[in-house]
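Just query10.cif here, mmCIF, N, CA and C atoms and all ligand atoms:
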data_work
#
loop_
_atom_site.label_atom_id
_atom_site.label_comp_id
_atom_site.auth_asym_id
_atom_site.auth_seq_id
_atom_site.Cartn_x
_atom_site.Cartn_y
_atom_site.Cartn_z
N MET A 1 -38.75 16.21 13.95
CA MET A 1 -38.04 15.04 14.42
C MET A 1 -36.68 14.95 13.71
N ALA A 2 -35.68 14.61 14.48
CA ALA A 2 -34.34 14.52 13.92
C ALA A 2 -34.23 13.35 12.95
N THR A 3 -33.46 13.58 11.91
CA THR A 3 -33.22 12.52 10.93
C THR A 3 -32.16 11.57 11.48
N PRO A 4 -32.45 10.28 11.46
CA PRO A 4 -31.42 9.35 11.93
C PRO A 4 -30.19 9.40 11.03
N THR A 5 -29.04 9.42 11.65
CA THR A 5 -27.80 9.47 10.87
C THR A 5 -26.87 8.37 11.36
N ASP A 6 -25.92 8.05 10.52
CA ASP A 6 -24.87 7.11 10.89
C ASP A 6 -24.05 7.77 12.00
N SER A 7 -23.94 7.11 13.13
CA SER A 7 -23.23 7.72 14.26
C SER A 7 -21.75 7.92 13.95
N ASN A 8 -21.25 7.26 12.89
CA ASN A 8 -19.86 7.43 12.50
C ASN A 8 -19.66 8.64 11.59
N THR A 9 -20.74 9.18 11.07
CA THR A 9 -20.63 10.30 10.13
C THR A 9 -20.34 11.58 10.90
N PRO A 10 -19.17 12.18 10.66
CA PRO A 10 -18.84 13.40 11.39
C PRO A 10 -19.65 14.60 10.89
N LEU A 11 -19.81 15.57 11.76
CA LEU A 11 -20.49 16.79 11.39
C LEU A 11 -19.60 17.60 10.44
N PRO A 12 -20.19 18.32 9.46
CA PRO A 12 -19.37 19.10 8.51
C PRO A 12 -18.41 20.07 9.20
N VAL A 13 -18.85 20.68 10.31
CA VAL A 13 -17.98 21.63 11.00
C VAL A 13 -16.74 20.93 11.55
N HIS A 14 -16.90 19.68 11.99
CA HIS A 14 -15.76 18.91 12.48
C HIS A 14 -14.83 18.54 11.32
N VAL A 15 -15.41 18.11 10.21
CA VAL A 15 -14.62 17.71 9.04
C VAL A 15 -13.75 18.87 8.58
N GLU A 16 -14.33 20.06 8.55
CA GLU A 16 -13.59 21.26 8.11
C GLU A 16 -12.38 21.50 9.01
N ARG A 17 -12.59 21.38 10.33
CA ARG A 17 -11.51 21.62 11.30
C ARG A 17 -10.45 20.53 11.17
N TRP A 18 -10.87 19.27 11.02
CA TRP A 18 -9.92 18.16 10.94
C TRP A 18 -9.10 18.25 9.65
N LEU A 19 -9.73 18.67 8.55
CA LEU A 19 -9.00 18.81 7.28
C LEU A 19 -7.94 19.91 7.39
N ALA A 20 -8.30 21.02 8.04
CA ALA A 20 -7.34 22.11 8.22
C ALA A 20 -6.14 21.62 9.03
N ALA A 21 -6.42 20.88 10.10
CA ALA A 21 -5.32 20.34 10.92
C ALA A 21 -4.52 19.33 10.13
N PHE A 22 -5.17 18.52 9.32
CA PHE A 22 -4.48 17.51 8.50
C PHE A 22 -3.47 18.20 7.58
N HIS A 23 -3.88 19.30 6.96
CA HIS A 23 -2.99 20.01 6.05
C HIS A 23 -1.88 20.76 6.79
N ARG A 24 -2.13 21.12 8.05
CA ARG A 24 -1.16 21.88 8.85
C ARG A 24 -0.10 20.97 9.48
N ASP A 25 -0.54 19.79 9.95
CA ASP A 25 0.33 18.95 10.77
C ASP A 25 1.27 18.07 9.96
N ARG A 26 2.29 17.56 10.64
CA ARG A 26 3.28 16.68 10.06
C ARG A 26 2.81 15.23 10.18
N PRO A 27 3.34 14.34 9.35
CA PRO A 27 3.00 12.91 9.51
C PRO A 27 3.32 12.42 10.92
N MET A 28 2.41 11.67 11.50
CA MET A 28 2.58 11.21 12.88
C MET A 28 3.81 10.35 13.06
N HIS A 29 4.17 9.56 12.04
CA HIS A 29 5.29 8.64 12.23
C HIS A 29 6.59 9.38 12.53
N GLU A 30 6.65 10.69 12.20
CA GLU A 30 7.85 11.47 12.50
C GLU A 30 7.98 11.75 14.01
N SER A 31 6.86 11.62 14.74
CA SER A 31 6.87 11.89 16.19
C SER A 31 7.12 10.64 17.02
N PHE A 32 7.25 9.50 16.35
CA PHE A 32 7.44 8.24 17.08
C PHE A 32 8.84 7.69 16.85
N PRO A 33 9.40 6.91 17.80
CA PRO A 33 8.73 6.43 19.01
C PRO A 33 8.57 7.53 20.06
N VAL A 34 7.53 7.38 20.89
CA VAL A 34 7.29 8.25 22.03
C VAL A 34 7.75 7.47 23.27
N ILE A 35 8.62 8.10 24.05
CA ILE A 35 9.13 7.44 25.26
C ILE A 35 8.57 8.17 26.48
N LEU A 36 7.84 7.42 27.30
CA LEU A 36 7.24 7.98 28.51
C LEU A 36 8.30 8.08 29.61
N PRO A 37 8.05 8.90 30.65
CA PRO A 37 9.05 9.08 31.73
C PRO A 37 9.46 7.77 32.41
N ASN A 38 8.58 6.75 32.39
CA ASN A 38 8.93 5.47 33.02
C ASN A 38 9.73 4.57 32.07
N GLY A 39 10.04 5.07 30.89
CA GLY A 39 10.83 4.30 29.94
C GLY A 39 9.99 3.49 28.95
N ALA A 40 8.68 3.41 29.20
CA ALA A 40 7.81 2.68 28.27
C ALA A 40 7.85 3.39 26.92
N THR A 41 7.96 2.59 25.87
CA THR A 41 8.10 3.13 24.53
C THR A 41 6.90 2.77 23.68
N ILE A 42 6.30 3.77 23.05
CA ILE A 42 5.22 3.54 22.09
C ILE A 42 5.88 3.71 20.73
N HIS A 43 5.96 2.62 19.99
CA HIS A 43 6.74 2.62 18.75
C HIS A 43 6.04 3.29 17.58
N THR A 44 4.72 3.20 17.56
CA THR A 44 4.01 3.75 16.41
C THR A 44 2.57 4.06 16.77
N PHE A 45 1.92 4.79 15.91
CA PHE A 45 0.50 5.09 16.07
C PHE A 45 -0.18 4.74 14.75
N THR A 46 -1.21 3.93 14.84
CA THR A 46 -1.94 3.51 13.64
C THR A 46 -3.31 4.18 13.63
N GLY A 47 -3.58 4.91 12.57
CA GLY A 47 -4.90 5.52 12.42
C GLY A 47 -5.84 4.53 11.75
N ILE A 48 -7.00 4.31 12.35
CA ILE A 48 -8.00 3.41 11.77
C ILE A 48 -9.12 4.25 11.18
N CYS A 49 -9.45 3.98 9.93
CA CYS A 49 -10.52 4.72 9.24
C CYS A 49 -11.86 4.44 9.91
N SER A 50 -12.62 5.50 10.18
CA SER A 50 -13.91 5.32 10.87
C SER A 50 -14.96 4.70 9.94
N ALA A 51 -14.71 4.70 8.63
CA ALA A 51 -15.68 4.12 7.70
C ALA A 51 -15.39 2.64 7.43
N CYS A 52 -14.19 2.34 6.92
CA CYS A 52 -13.88 0.95 6.54
C CYS A 52 -13.19 0.16 7.65
N LYS A 53 -12.81 0.85 8.74
CA LYS A 53 -12.16 0.22 9.90
C LYS A 53 -10.80 -0.40 9.57
N GLN A 54 -10.20 0.04 8.47
CA GLN A 54 -8.88 -0.46 8.08
C GLN A 54 -7.80 0.56 8.47
N PRO A 55 -6.57 0.07 8.73
CA PRO A 55 -5.48 1.01 9.03
C PRO A 55 -5.24 1.95 7.84
N VAL A 56 -5.02 3.21 8.14
CA VAL A 56 -4.76 4.20 7.10
C VAL A 56 -3.26 4.23 6.83
N ASP A 57 -2.89 4.43 5.56
CA ASP A 57 -1.49 4.57 5.16
C ASP A 57 -0.81 5.57 6.12
N PRO A 58 0.32 5.16 6.75
CA PRO A 58 0.98 6.04 7.73
C PRO A 58 1.30 7.44 7.20
N THR A 59 1.54 7.57 5.90
CA THR A 59 1.84 8.91 5.37
C THR A 59 0.60 9.81 5.37
N MET A 60 -0.57 9.19 5.54
CA MET A 60 -1.83 9.95 5.54
C MET A 60 -2.40 10.12 6.96
N VAL A 61 -1.55 9.86 7.97
CA VAL A 61 -1.94 10.08 9.36
C VAL A 61 -1.06 11.22 9.87
N ARG A 62 -1.68 12.34 10.15
CA ARG A 62 -0.92 13.53 10.54
C ARG A 62 -1.45 14.09 11.85
N GLY A 63 -0.54 14.63 12.65
CA GLY A 63 -0.97 15.18 13.93
C GLY A 63 0.20 15.53 14.81
N ARG A 64 -0.11 15.64 16.10
CA ARG A 64 0.88 16.09 17.07
C ARG A 64 0.82 15.26 18.34
N VAL A 65 1.95 15.20 19.01
CA VAL A 65 2.01 14.60 20.35
C VAL A 65 2.18 15.75 21.33
N MET A 66 1.29 15.81 22.31
CA MET A 66 1.37 16.86 23.33
C MET A 66 1.48 16.20 24.70
N TRP A 67 2.19 16.85 25.60
CA TRP A 67 2.34 16.32 26.96
C TRP A 67 1.36 17.07 27.85
N SER A 68 0.14 16.53 27.98
CA SER A 68 -0.90 17.20 28.78
C SER A 68 -0.57 17.12 30.27
N LEU A 69 0.13 16.06 30.67
CA LEU A 69 0.66 15.90 32.02
C LEU A 69 2.06 15.31 31.83
N PRO A 70 2.94 15.40 32.84
CA PRO A 70 4.30 14.88 32.64
C PRO A 70 4.36 13.41 32.23
N ASP A 71 3.38 12.62 32.65
CA ASP A 71 3.41 11.19 32.32
C ASP A 71 2.31 10.78 31.35
N VAL A 72 1.73 11.77 30.66
CA VAL A 72 0.65 11.47 29.71
C VAL A 72 0.96 12.13 28.36
N ALA A 73 1.13 11.30 27.33
CA ALA A 73 1.32 11.81 25.97
C ALA A 73 -0.05 11.79 25.28
N THR A 74 -0.49 12.93 24.79
CA THR A 74 -1.79 13.03 24.14
C THR A 74 -1.59 13.15 22.63
N ILE A 75 -2.29 12.31 21.90
CA ILE A 75 -2.22 12.31 20.45
C ILE A 75 -3.43 13.06 19.91
N ASP A 76 -3.16 14.05 19.09
CA ASP A 76 -4.22 14.80 18.41
C ASP A 76 -3.91 14.67 16.93
N ALA A 77 -4.63 13.78 16.25
CA ALA A 77 -4.28 13.46 14.87
C ALA A 77 -5.53 13.30 13.99
N ASN A 78 -5.27 13.35 12.71
CA ASN A 78 -6.32 13.12 11.72
C ASN A 78 -5.73 12.27 10.61
N SER A 79 -6.54 11.35 10.12
CA SER A 79 -6.06 10.52 9.02
C SER A 79 -7.03 10.63 7.85
N TYR A 80 -6.47 10.47 6.67
CA TYR A 80 -7.31 10.54 5.46
C TYR A 80 -7.22 9.21 4.74
N CYS A 81 -8.34 8.51 4.66
CA CYS A 81 -8.39 7.22 3.99
C CYS A 81 -8.69 7.49 2.51
N THR A 82 -7.73 7.15 1.65
CA THR A 82 -7.90 7.44 0.23
C THR A 82 -8.97 6.54 -0.40
N SER A 83 -9.15 5.33 0.14
CA SER A 83 -10.18 4.43 -0.40
C SER A 83 -11.57 4.99 -0.16
N CYS A 84 -11.81 5.47 1.05
CA CYS A 84 -13.15 5.98 1.42
C CYS A 84 -13.28 7.47 1.17
N GLN A 85 -12.14 8.15 0.94
CA GLN A 85 -12.10 9.61 0.85
C GLN A 85 -12.76 10.23 2.08
N ARG A 86 -12.28 9.73 3.22
CA ARG A 86 -12.88 10.15 4.48
C ARG A 86 -11.80 10.51 5.48
N ILE A 87 -12.04 11.59 6.22
CA ILE A 87 -11.10 11.97 7.26
C ILE A 87 -11.63 11.47 8.61
N THR A 88 -10.70 10.98 9.42
CA THR A 88 -11.05 10.46 10.75
C THR A 88 -10.19 11.19 11.77
N HIS A 89 -10.83 11.66 12.83
CA HIS A 89 -10.09 12.32 13.91
C HIS A 89 -9.68 11.29 14.95
N HIS A 90 -8.46 11.41 15.44
CA HIS A 90 -7.95 10.50 16.46
C HIS A 90 -7.55 11.30 17.69
N ASP A 91 -8.13 10.94 18.80
CA ASP A 91 -7.86 11.59 20.07
C ASP A 91 -7.53 10.46 21.03
N CYS A 92 -6.29 10.40 21.46
CA CYS A 92 -5.93 9.30 22.35
C CYS A 92 -4.80 9.70 23.27
N ARG A 93 -4.70 9.01 24.38
CA ARG A 93 -3.66 9.30 25.37
C ARG A 93 -2.89 8.04 25.69
N PHE A 94 -1.61 8.23 25.97
CA PHE A 94 -0.77 7.15 26.46
C PHE A 94 -0.29 7.57 27.85
N ARG A 95 -0.69 6.78 28.85
CA ARG A 95 -0.41 7.14 30.24
C ARG A 95 0.56 6.13 30.86
N SER A 96 1.62 6.62 31.53
CA SER A 96 2.56 5.74 32.23
C SER A 96 1.81 4.92 33.27
N THR A 97 2.03 3.61 33.25
CA THR A 97 1.44 2.71 34.24
C THR A 97 2.49 1.70 34.63
N GLU A 98 2.99 1.81 35.84
CA GLU A 98 4.08 0.96 36.31
C GLU A 98 5.20 0.95 35.27
N LYS A 99 5.51 -0.25 34.69
CA LYS A 99 6.62 -0.28 33.72
C LYS A 99 6.14 -0.27 32.28
N THR A 100 4.84 -0.08 32.09
CA THR A 100 4.32 -0.06 30.73
C THR A 100 3.46 1.20 30.56
N TYR A 101 2.47 1.13 29.71
CA TYR A 101 1.59 2.28 29.52
C TYR A 101 0.18 1.78 29.27
N ARG A 102 -0.74 2.71 29.45
CA ARG A 102 -2.15 2.44 29.20
C ARG A 102 -2.60 3.36 28.08
N ALA A 103 -3.26 2.81 27.07
CA ALA A 103 -3.82 3.64 25.99
C ALA A 103 -5.26 3.98 26.37
N GLU A 104 -5.64 5.23 26.20
CA GLU A 104 -7.00 5.69 26.52
C GLU A 104 -7.56 6.41 25.31
N TRP A 105 -8.84 6.16 24.99
CA TRP A 105 -9.45 6.81 23.85
C TRP A 105 -10.96 6.92 24.07
N PRO A 106 -11.59 7.95 23.45
CA PRO A 106 -13.05 8.09 23.59
C PRO A 106 -13.77 7.19 22.58
N GLY A 107 -14.78 6.50 23.03
CA GLY A 107 -15.58 5.67 22.14
C GLY A 107 -16.67 6.49 21.47
N LEU A 108 -17.35 5.87 20.52
CA LEU A 108 -18.43 6.57 19.82
C LEU A 108 -19.57 6.92 20.76
N ASP A 109 -19.66 6.21 21.90
CA ASP A 109 -20.70 6.48 22.88
C ASP A 109 -20.34 7.63 23.82
N GLY A 110 -19.14 8.23 23.59
CA GLY A 110 -18.74 9.36 24.42
C GLY A 110 -17.98 8.95 25.67
N ARG A 111 -17.95 7.65 25.98
CA ARG A 111 -17.21 7.18 27.16
C ARG A 111 -15.74 6.97 26.80
N TRP A 112 -14.87 7.11 27.80
CA TRP A 112 -13.46 6.85 27.59
C TRP A 112 -13.17 5.38 27.86
N TYR A 113 -12.36 4.80 27.00
CA TYR A 113 -11.96 3.40 27.16
C TYR A 113 -10.45 3.36 27.37
N SER A 114 -9.99 2.30 28.01
CA SER A 114 -8.55 2.19 28.20
C SER A 114 -8.12 0.73 28.13
N LYS A 115 -6.87 0.55 27.77
CA LYS A 115 -6.35 -0.80 27.61
C LYS A 115 -4.84 -0.77 27.75
N ILE A 116 -4.32 -1.78 28.45
CA ILE A 116 -2.87 -1.96 28.50
C ILE A 116 -2.52 -2.86 27.33
N PRO A 117 -1.67 -2.40 26.41
CA PRO A 117 -1.38 -3.21 25.22
C PRO A 117 -0.70 -4.52 25.59
N PRO A 118 -0.93 -5.57 24.80
CA PRO A 118 -0.27 -6.85 25.08
C PRO A 118 1.23 -6.70 24.93
N GLN A 119 1.95 -7.49 25.72
CA GLN A 119 3.41 -7.45 25.62
C GLN A 119 3.83 -8.12 24.31
N PRO A 120 4.95 -7.68 23.76
CA PRO A 120 5.42 -8.32 22.53
C PRO A 120 5.69 -9.80 22.75
N ARG A 121 5.58 -10.57 21.69
CA ARG A 121 5.75 -12.02 21.78
C ARG A 121 7.13 -12.40 22.37
N TRP A 122 8.19 -11.68 21.95
CA TRP A 122 9.53 -12.02 22.45
C TRP A 122 9.60 -11.85 23.95
N TRP A 123 8.87 -10.88 24.50
CA TRP A 123 8.90 -10.64 25.94
C TRP A 123 8.20 -11.78 26.68
N ARG A 124 7.04 -12.21 26.14
CA ARG A 124 6.32 -13.34 26.76
C ARG A 124 7.18 -14.60 26.71
N THR A 125 7.88 -14.81 25.59
CA THR A 125 8.73 -15.99 25.45
C THR A 125 9.86 -15.94 26.48
N LEU A 126 10.45 -14.77 26.66
CA LEU A 126 11.54 -14.61 27.62
C LEU A 126 11.04 -14.90 29.03
N VAL A 127 9.87 -14.34 29.38
CA VAL A 127 9.31 -14.55 30.72
C VAL A 127 9.02 -16.03 30.94
N GLN A 128 8.44 -16.69 29.92
CA GLN A 128 8.14 -18.13 30.04
C GLN A 128 9.43 -18.94 30.20
N THR A 129 10.48 -18.56 29.47
CA THR A 129 11.75 -19.26 29.56
C THR A 129 12.33 -19.13 30.97
N ILE A 130 12.31 -17.91 31.49
CA ILE A 130 12.85 -17.68 32.84
C ILE A 130 12.05 -18.46 33.88
N ARG A 131 10.71 -18.45 33.72
CA ARG A 131 9.87 -19.20 34.66
C ARG A 131 10.18 -20.69 34.60
N SER A 132 10.38 -21.21 33.39
CA SER A 132 10.65 -22.65 33.28
C SER A 132 12.01 -22.99 33.88
N LEU A 133 12.98 -22.07 33.78
CA LEU A 133 14.29 -22.31 34.37
C LEU A 133 14.19 -22.33 35.89
N TRP A 134 13.34 -21.42 36.42
CA TRP A 134 13.17 -21.36 37.87
C TRP A 134 12.53 -22.63 38.41
N SER A 135 11.66 -23.23 37.62
CA SER A 135 10.93 -24.39 38.11
C SER A 135 11.77 -25.67 38.04
N LEU A 136 12.98 -25.61 37.46
CA LEU A 136 13.84 -26.81 37.38
C LEU A 136 14.37 -27.21 38.76
ZN ZN B 201 -11.59 3.88 4.86
#
Give the structure from this file in structure tokens form.
Ligand SMILES: [Zn+2]
Amino acid sequence: MATPTDSNTPLPVHVERWLAAFHRDRPMHESFPVILPNGATIHTFTGICSACKQPVDPTMVRGRVMWSLPDVATIDANSYCTSCQRITHHDCRFRSTEKTYRAEWPGLDGRWYSKIPPQPRWWRTLVQTIRSLWSL
């Protein structure tokens, strides 16, 4: 019978591969901002530690941006959380959607999830201001 394990605990073979990539790759922040063909801009990428669920120091998030399709930027990155001494692999895509983008990532259950990020506060304020002017 298989021993129950923490589903967040990566297999040693994966850890070895992710560490090699971590040492090979450049800090992710050097690849940002990423601008999609529709003009949508992704300003930064934050690596979240799979153990403590806290953002990892940007200098310890390393990886690459690849264009798997003309309108899809794929992030292949690994982060090292110094507090937990744990490496986390990040696999995510940014896909052009109308005038913004959709972030897609695989969940621990193996399913892909997606989300359109919230608009910045200044943009919502501008839209509300314009709407209120129209209603005068
Ligand atoms: Zn951590």
If I take atom N of His29 (chain A) and atom N of Lys53 (chain A), how far is one from the other in Å, to one decimal? 19.4 Å
Polymer residues at most 6.5 Å from region 105-112 of chain A, all atoms listed in the file, same-chain spacing of 4 or more positions, as a PyMOL selection string: chain A and resi 91-93
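Selection of all polymer residues within 12 Å of ligand ZN 201 (chain B) on the basis of only C-alpha atoms and all ligand atoms gives Asn8, Gly47, Ile48, Cys49, Ser50, Ala51, Cys52, Lys53, Gln54, Pro55, Val56, Asp57, Met60, Ser79, Tyr80, Cys81, Thr82, Ser83, Cys84, Gln85, Arg86, Ile87 and Thr88 of chain A.
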Tell me which protein, DNA and RNA residues are within 8 Å of Thr44 (chain A), counting only N, CA and C atoms, leaving out same-chain ones fewer than 6 positions away, and put them as a ChimeraX atom specification. /A:28-29,31-34
8 Å per side around region 26-37 of chain A: axis-aligned box centre and edge lengths, as AutoDock Vina command-line options:
--center_x 5.9 --center_y 12.0 --center_z 20.9 --size_x 23.2 --size_y 27.1 --size_z 39.1
8 Å contact set for Met66 (chain A), only C-alpha atoms, chain neighbours under 5 positions out, as an NGL selection string: :A and (73-76)
Using the chain letters and numbers from this document, which residues of chain A does DSSP assign to strand (DSSP E), as number ranges by chain? A: 34-35, 41-42, 61-69, 72-81, 86-97, 100-106, 112-115
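Picture a line from CA of Lys99 (chain A) to CA of Ser68 (chain A); it runs 19.7 Å.
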Counting all atoms listed in the file, figure out which residue out of A:Gln119, A:Thr46, A:Asn38, A:Gly63 gets nearest to Arg24 (chain A). A:Gly63
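Within region 21-118 of chain A, residues classed as alpha helix (DSSP H) by DSSP on backbone coordinates are A:Ala21, A:Phe22, A:His23, A:Arg24.
Computed from the coordinates, the CA of Tyr101 (chain A) to CA of Leu69 (chain A) distance equals 13.9 Å.
Considering the residues A:Leu36, A:Val15, A:Leu133, A:Ala21 and counting all atoms listed in the file, Pro70 (chain A) has its shortest atom-to-atom contact with A:Leu36.
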